[in-house]
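Asker: Input: one structure, supplied below.
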Amino acid sequence: MAARSDAPSTDPSAEPAPQRAVFRMPLIAVVLLPVLAAFCLGPIATVNVWWSLLLLVPVLIGVAVLLTRTVVDGQAISVHGLRPTRRLRWEELDRLEFSGPRWAVAVGTDERRIRLPMVRPRDLPVLAAVSGGYLTFTAPPEPGSEAEPADADTPDGETPPAPAPAATPLAEPAEPTTPSGGRTG
């Protein structure tokens with residue numbers, strides 16, 4: 001029996017690139033942050049009628065968490081949140097900056113900087129796949145793999161021996177001293 005030509009391929013390299021990626025806060029943050037804020041502000045909000053307006057803070061936190069996201073597609077990177085939507089086309093992107101495990105910062109060719117919420121270094125393969133070729137990503141070689149380049153100065157690519165550490169002379173012990181004006185014996 002012949003295989004159907006419209007059957008999905010099981011080869012992972014044959015899968016089409018995603019058209020769009022959305023990076024947003026986890027659902028637990030949508031629930032946990034407003035509840036925690038309401039719990040902490042509750043005792044203060046019961047003092048007076050005017051203090052009860054503090055209960056709007058958990059609502060604002062929930063709205064901010066729901067709205068904050070980064071949307072990446074083939075044309076641009078868009079950042080949504082409480083502020084107006086900021087958009088940076090792939091042609092205008094100069095580089096992405098990461099400061100440790102923090103959120104990425106997209107830097108435009110005009111030095112405009114846009115923080116990308118929830119985009120971390122581990123998301124670079126997804127960004128490269130969605131960018132449509134504007135962004136490329138090559139995974140770093142794993143430690144112990146044969147991807148390390150051979151040294152060009154040595155014959156046959158052999159690694160030169162490491163230089164021996166320089167010997168440092170040991171300091172001679174200091175002579176014991178007696179305190180001045182003190183008695184001995």
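Convention: chains lettered A, B, ... in structure tokens order; per-chain residue numbering from 1; ligands numbered from 1 as shown.
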Do you know which residues are at most 6 Å from Gly108 of chain A counting only C-alpha atoms, after dropping those on the same chain fewer than 4 positions away, and could you put them as a PyMOL selection string?

Answerer: chain A and resi 92-94+112

Asker: Quick one: everything within 12 Å of segment 51-55 of chain A, counting only C-alpha atoms, minus sequence neighbours fewer than 6 positions away in the same chain. Send it as a list in words.

Answerer: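 So, after excluding close chain neighbours, the residues are Pro34, Val35, Leu36, Ala37, Ala38, Phe39, Cys40, Leu41, Gly42, Pro43, Ile44, Ala45, Ile61 and Gly62 of chain A.
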
Asker: Emit the selected residues as a PDB file, in the first residue's frame, including C-alpha atoms.

Answerer:
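Generated output (part.pdb):
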ATOM      1  CA  PRO A  34      -3.470  40.640  42.209  1.00  0.00           C
ATOM      2  CA  VAL A  35      -4.529  38.274  45.015  1.00  0.00           C
ATOM      3  CA  LEU A  36      -1.281  38.885  46.879  1.00  0.00           C
ATOM      4  CA  ALA A  37      -1.643  42.661  46.475  1.00  0.00           C
ATOM      5  CA  ALA A  38      -5.267  42.545  47.705  1.00  0.00           C
ATOM      6  CA  PHE A  39      -4.235  40.439  50.705  1.00  0.00           C
ATOM      7  CA  CYS A  40      -1.470  42.892  51.658  1.00  0.00           C
ATOM      8  CA  LEU A  41      -3.564  46.034  51.102  1.00  0.00           C
ATOM      9  CA  GLY A  42      -6.749  44.669  52.716  1.00  0.00           C
ATOM     10  CA  PRO A  43      -6.026  45.717  56.314  1.00  0.00           C
ATOM     11  CA  ILE A  44      -5.080  49.242  55.260  1.00  0.00           C
ATOM     12  CA  ALA A  45      -8.098  49.580  52.964  1.00  0.00           C
ATOM     13  CA  ILE A  61      -1.756  44.938  38.550  1.00  0.00           C
ATOM     14  CA  GLY A  62      -4.004  42.271  37.014  1.00  0.00           C
TER      15      GLY A  62
END

Asker: Please extract the residues of segment 38-144 of chain A with a backbone DSSP assignment of strand (DSSP E) and present them as a list in words.

Answerer: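 Of segment 38-144 of chain A, the ones in strand (DSSP E) are Arg69, Thr70, Val71, Val72, Asp73, Ala76, Ile77, Ser78, Val79, His80, Arg86, Arg87, Leu88, Arg89, Leu93, Asp94, Arg95, Leu96, Glu97, Ala104, Val105, Ala106, Val107, Gly108, Arg113, Ile114, Arg115 and Leu116 of chain A.
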
Asker: Please provide the set of residues having any atom within 12 Å of Phe98 of chain A, restricted to only C-alpha atoms, with same-chain residues fewer than 2 positions apart removed, written as a list in words.

Answerer: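 So the residues in contact are Arg95, Leu96, Gly100, Pro101, Arg102, Trp103, Ala104, Val105, Ala106, Val107, Arg115, Leu116, Pro117, Met118, Val119, Arg120, Pro121, Arg122, Asp123 and Leu124 of chain A.
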
Asker: Quick one, how far is atom CA of Thr136 of chain A from atom CA of Gln75 of chain A?

Answerer: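 About the pair atom CA of Thr136 of chain A and atom CA of Gln75 of chain A: they are 15.0 Å apart.
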
Asker: Would you please work out which residue, of A:Thr138, A:Ile114, A:Thr109, A:Leu33, is nearest to Glu97 of chain A when using only C-alpha atoms?

Answerer: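 When distances to Glu97 of chain A are compared using only C-alpha atoms, the smallest one comes from A:Ile114.
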
Asker: How many Å separate atom CA of Leu32 of chain A from atom CA of Val63 of chain A?

Answerer: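 For atom CA of Leu32 of chain A relative to atom CA of Val63 of chain A, the distance reads 12.7 Å.
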